[in-house]
Amino acid sequence: MCPDRGDLVAAKRVLRASAAERRRAAVAALAPAEAGRRIRDRLMAAIALPPSAPVSAYWPLDAELDPRPVIDALHAAGHPIGLPVVIGTAQPLVFRRWQPGTRLEQGSFRVMVPPAESPELVPAVMLAPLLAFDAAGYRLGYGGGFYDRTIAKLRSAGPLLVIGLAYAAQEVAAVPHEPTDQPLDWIVTEDAARRISASPGRDGS
């Protein structure tokens, strides 16, 4: 029997609080720059991205895993990079082009984004931030649903490789999820790059 949506929302709310604390502890135990370098090395060694595939990344906020070493490596390898921009409540994200030297400005939720005149990019690969993840590839986000809506839209249009970046300590036994929650294809932590087995929804079905 599936729990009703109210129970799922409540379970996610409780998990967010504990997951945020676990992430803060992970940051205190391993410097963000070092974690980013380790994740860069594991990702580049384990995942063969399509040549020149556009990649959506994110600029770190608070205790989020710092993806900038990965971003720099992918840019140097010839991948166009985009950063996410919130355009409205309950709307999918759009991605504006970033390159070294791009001037960032503060967007919604204090997230740093490229300016409005930057061209938009449609990613074939996505680097996703998260609060928690499980072995089935489900991620716990911040509750706005932006990533799930965006991933669903992109997967419905064509292949999309979604890679969650996290500290190993962010893994939990199970992330409460519902049919609209989109699973990841890979999880990369400072300890390992883990491919997630195929699961419903990954092909856009």
# chains A, B, ... in the order shown; residues from 1 in each chain; ligands from 1
$ select_by_dssp --residues "range 57-188 of chain A" --states "strand (DSSP E or B)" --output "PyMOL selection string"
chain A and resi 81-85+94-98+105-106+112-113+120+125-128+132-133+139-140+161-165+171+186-188
$ closest_atom_pairs --of "range 89-120 of chain A" --to "range 49-73 of chain A" --cutoff "10 Å" --atoms "only C-alpha atoms" --output "tab-separated table"
residue	atom	partner	partner_atom	distance
A:Val94	CA	A:Ser56	CA	9.5
A:Phe95	CA	A:Ser56	CA	6.8
A:Arg96	CA	A:Ser56	CA	8.8
A:Arg97	CA	A:Ser56	CA	8.8
A:Trp98	CA	A:Ala57	CA	9.4
A:Gln99	CA	A:Asp72	CA	8.8
A:Pro100	CA	A:Asp72	CA	8.2
A:Leu104	CA	A:Trp59	CA	9.6
A:Phe109	CA	A:Leu61	CA	9.5
A:Arg110	CA	A:Leu61	CA	7.9
A:Val111	CA	A:Leu61	CA	6.7
A:Met112	CA	A:Trp59	CA	6.3
A:Val113	CA	A:Trp59	CA	7.7
$ write_last_selection --atoms "N, CA, C and O atoms" --output "compact mmCIF listing (two decimals), in the first residue's frame"
# COMPACT_ATOMS: atom_id res chain seq x y z
N VAL A 94 15.66 26.77 -16.60
CA VAL A 94 16.39 26.98 -17.84
C VAL A 94 17.86 27.09 -17.48
O VAL A 94 18.23 27.28 -16.31
N PHE A 95 18.73 26.97 -18.48
CA PHE A 95 20.16 26.96 -18.22
C PHE A 95 20.84 28.00 -19.10
O PHE A 95 20.68 28.00 -20.32
N ARG A 96 21.58 28.91 -18.46
CA ARG A 96 22.31 29.94 -19.18
C ARG A 96 23.79 29.58 -19.26
O ARG A 96 24.37 29.05 -18.30
N ARG A 97 24.38 29.90 -20.38
CA ARG A 97 25.76 29.51 -20.66
C ARG A 97 26.73 30.17 -19.68
O ARG A 97 26.62 31.37 -19.38
N TRP A 98 27.66 29.37 -19.20
CA TRP A 98 28.75 29.84 -18.33
C TRP A 98 30.07 29.47 -18.97
O TRP A 98 30.20 28.41 -19.60
N GLN A 99 31.05 30.33 -18.81
CA GLN A 99 32.44 30.02 -19.14
C GLN A 99 33.32 30.82 -18.20
O GLN A 99 32.84 31.75 -17.53
N PRO A 100 34.58 30.44 -18.06
CA PRO A 100 35.45 31.20 -17.15
C PRO A 100 35.39 32.69 -17.45
O PRO A 100 35.45 33.12 -18.60
N LEU A 104 28.60 36.52 -12.63
CA LEU A 104 27.40 35.93 -12.04
C LEU A 104 26.67 36.97 -11.20
O LEU A 104 27.28 37.88 -10.63
N PHE A 109 16.31 32.42 -4.70
CA PHE A 109 16.83 31.56 -3.63
C PHE A 109 18.33 31.77 -3.38
O PHE A 109 19.02 30.86 -2.95
N ARG A 110 18.83 32.98 -3.69
CA ARG A 110 20.23 33.36 -3.46
C ARG A 110 21.21 32.62 -4.37
O ARG A 110 22.42 32.68 -4.19
N VAL A 111 20.71 31.89 -5.35
CA VAL A 111 21.58 31.13 -6.25
C VAL A 111 22.25 32.09 -7.23
O VAL A 111 21.62 32.98 -7.78
N MET A 112 23.55 31.87 -7.46
CA MET A 112 24.29 32.70 -8.40
C MET A 112 24.06 32.17 -9.82
O MET A 112 24.20 30.97 -10.08
N VAL A 113 23.72 33.09 -10.73
CA VAL A 113 23.35 32.71 -12.10
C VAL A 113 24.04 33.64 -13.10
O VAL A 113 24.38 34.78 -12.78
$ select_by_dssp --residues "range 24-152 of chain A" --states "alpha helix (DSSP H)" --output "count of residues only"
37
$ residues_around --residues "range 175-177 of chain A" --least-positions-apart "2" --cutoff "9 Å" --atoms "only C-alpha atoms" --output "PyMOL selection string"
chain A and resi 8-9+11-12+15+132-134+136-140+172-173+179-182
$ write_last_selection --atoms "N, CA, C and O atoms" --output "compact mmCIF listing (two decimals), in the first residue's frame"
# COMPACT_ATOMS: atom_id res chain seq x y z
N LEU A 8 4.09 11.45 2.54
CA LEU A 8 5.37 11.60 1.84
C LEU A 8 5.97 12.98 2.07
O LEU A 8 7.17 13.12 2.32
N VAL A 9 5.14 14.00 1.98
CA VAL A 9 5.63 15.37 2.20
C VAL A 9 6.18 15.51 3.61
O VAL A 9 7.25 16.10 3.82
N ALA A 11 7.34 13.07 5.55
CA ALA A 11 8.55 12.27 5.68
C ALA A 11 9.74 12.99 5.05
O ALA A 11 10.85 12.97 5.59
N LYS A 12 9.52 13.63 3.91
CA LYS A 12 10.61 14.37 3.27
C LYS A 12 11.03 15.56 4.12
O LYS A 12 12.22 15.87 4.22
N LEU A 15 13.22 14.28 6.86
CA LEU A 15 14.51 13.85 6.34
C LEU A 15 15.38 15.04 5.94
O LEU A 15 16.60 15.01 6.10
N ALA A 132 20.16 14.49 0.13
CA ALA A 132 20.36 13.09 0.47
C ALA A 132 20.09 12.25 -0.76
O ALA A 132 19.41 12.69 -1.69
N PHE A 133 20.62 11.02 -0.75
CA PHE A 133 20.37 10.09 -1.85
C PHE A 133 20.31 8.68 -1.29
O PHE A 133 20.78 8.41 -0.17
N ASP A 134 19.73 7.76 -2.09
CA ASP A 134 19.72 6.37 -1.68
C ASP A 134 20.28 5.49 -2.80
O ASP A 134 20.60 5.97 -3.90
N ALA A 136 18.92 3.40 -4.68
CA ALA A 136 18.07 3.30 -5.87
C ALA A 136 18.19 4.51 -6.78
O ALA A 136 17.60 4.55 -7.85
N GLY A 137 18.96 5.52 -6.36
CA GLY A 137 19.16 6.70 -7.19
C GLY A 137 18.19 7.83 -6.95
O GLY A 137 18.21 8.82 -7.68
N TYR A 138 17.36 7.72 -5.93
CA TYR A 138 16.45 8.82 -5.63
C TYR A 138 17.17 9.88 -4.81
O TYR A 138 17.96 9.56 -3.93
N ARG A 139 16.91 11.13 -5.15
CA ARG A 139 17.56 12.25 -4.46
C ARG A 139 16.53 13.03 -3.67
O ARG A 139 15.37 13.13 -4.08
N LEU A 140 16.96 13.57 -2.57
CA LEU A 140 16.14 14.49 -1.79
C LEU A 140 16.62 15.89 -2.09
O LEU A 140 17.78 16.23 -1.84
N VAL A 172 21.37 7.76 2.51
CA VAL A 172 20.42 7.29 3.51
C VAL A 172 19.85 5.95 3.04
O VAL A 172 20.02 5.56 1.87
N ALA A 173 19.18 5.27 3.93
CA ALA A 173 18.63 3.95 3.59
C ALA A 173 17.60 4.05 2.47
O ALA A 173 17.57 3.21 1.56
N PRO A 179 5.72 9.03 -7.80
CA PRO A 179 5.94 8.79 -9.23
C PRO A 179 6.58 9.96 -9.97
O PRO A 179 7.26 9.75 -10.98
N THR A 180 6.38 11.18 -9.50
CA THR A 180 6.96 12.34 -10.20
C THR A 180 8.43 12.56 -9.86
O THR A 180 9.09 13.38 -10.51
N ASP A 181 8.96 11.87 -8.86
CA ASP A 181 10.36 12.03 -8.49
C ASP A 181 11.25 11.29 -9.49
O ASP A 181 11.02 10.11 -9.78
N GLN A 182 12.24 11.98 -10.01
CA GLN A 182 13.09 11.45 -11.07
C GLN A 182 14.39 10.85 -10.49
O GLN A 182 15.12 11.53 -9.79
$ closest_residue --among "A:Ser118, A:Thr189, A:Ser108, A:Ser197" --to "Leu130 in chain A" --atoms "only C-alpha atoms"
A:Thr189
$ closest_atom_pairs --of "range 49-136 of chain A" --to "range 146-155 of chain A" --cutoff "10 Å" --atoms "only C-alpha atoms" --output "CSV"
residue,atom,partner,partner_atom,distance
A:Pro84,CA,A:Tyr147,CA,9.5
A:Val85,CA,A:Phe146,CA,9.9
A:Val86,CA,A:Phe146,CA,7.9
A:Gly88,CA,A:Phe146,CA,9.6
A:Thr89,CA,A:Phe146,CA,8.4
A:Ala90,CA,A:Phe146,CA,6.9
A:Gln91,CA,A:Phe146,CA,6.8
A:Pro92,CA,A:Thr150,CA,4.5
A:Leu93,CA,A:Thr150,CA,5.8
A:Val94,CA,A:Thr150,CA,8.2
A:Val122,CA,A:Leu154,CA,8.3
A:Pro123,CA,A:Leu154,CA,8.2
A:Ala124,CA,A:Leu154,CA,8.3
A:Met126,CA,A:Ile151,CA,8.6
A:Ala128,CA,A:Tyr147,CA,7.9
A:Pro129,CA,A:Tyr147,CA,9.2
A:Leu130,CA,A:Tyr147,CA,9.9
$ write_last_selection --atoms "N, CA and C atoms" --output "short mmCIF file (atom, residue, chain, number, x, y, z; two decimals), in the first residue's frame"
data_model
loop_
_atom_site.label_atom_id
_atom_site.label_comp_id
_atom_site.auth_asym_id
_atom_site.auth_seq_id
_atom_site.Cartn_x
_atom_site.Cartn_y
_atom_site.Cartn_z
N PRO A 84 21.78 26.66 -13.80
CA PRO A 84 20.32 26.72 -13.74
C PRO A 84 19.79 28.07 -13.28
N VAL A 85 18.64 28.41 -13.84
CA VAL A 85 17.96 29.65 -13.49
C VAL A 85 16.48 29.34 -13.25
N VAL A 86 15.96 29.79 -12.12
CA VAL A 86 14.53 29.66 -11.82
C VAL A 86 13.79 30.78 -12.55
N GLY A 88 10.21 30.73 -12.65
CA GLY A 88 8.89 30.89 -12.07
C GLY A 88 8.51 29.70 -11.23
N THR A 89 7.58 29.89 -10.31
CA THR A 89 7.10 28.81 -9.47
C THR A 89 6.48 27.72 -10.32
N ALA A 90 6.82 26.48 -10.00
CA ALA A 90 6.28 25.30 -10.70
C ALA A 90 6.68 25.25 -12.17
N GLN A 91 7.77 25.95 -12.53
CA GLN A 91 8.27 25.92 -13.91
C GLN A 91 9.59 25.15 -13.95
N PRO A 92 9.86 24.45 -15.07
CA PRO A 92 11.18 23.83 -15.20
C PRO A 92 12.27 24.90 -15.21
N LEU A 93 13.46 24.50 -14.86
CA LEU A 93 14.61 25.39 -14.92
C LEU A 93 15.02 25.65 -16.37
N VAL A 94 15.66 26.77 -16.60
CA VAL A 94 16.39 26.98 -17.84
C VAL A 94 17.86 27.09 -17.48
N VAL A 122 20.64 23.76 -23.71
CA VAL A 122 19.83 22.58 -23.39
C VAL A 122 20.79 21.43 -23.09
N PRO A 123 20.83 20.97 -21.85
CA PRO A 123 21.85 19.98 -21.49
C PRO A 123 21.52 18.57 -21.95
N ALA A 124 22.58 17.81 -22.22
CA ALA A 124 22.48 16.37 -22.43
C ALA A 124 22.98 15.63 -21.20
N MET A 126 23.45 16.36 -16.83
CA MET A 126 23.10 17.24 -15.72
C MET A 126 23.86 16.83 -14.47
N ALA A 128 23.59 17.31 -10.59
CA ALA A 128 22.49 17.70 -9.71
C ALA A 128 22.94 17.77 -8.25
N PRO A 129 22.64 18.88 -7.58
CA PRO A 129 22.89 18.97 -6.14
C PRO A 129 21.80 18.22 -5.39
N LEU A 130 22.04 17.94 -4.12
CA LEU A 130 21.03 17.21 -3.34
C LEU A 130 21.34 17.31 -1.85
#
$ residues_around --residues "range 22-25 of chain A" --least-positions-apart "4" --cutoff "7 Å" --atoms "only C-alpha atoms" --output "number ranges by chain"
A: 18, 29, 63, 169-170
$ residues_around --residues "Ala35 in chain A" --least-positions-apart "3" --cutoff "9 Å" --atoms "only C-alpha atoms" --output "list of chain:residue names"
A:Val27, A:Leu30, A:Ala31, A:Pro32, A:Arg38, A:Ile39, A:Arg40, A:Leu65, A:Asp66, A:Tyr167, A:Thr189, A:Glu190
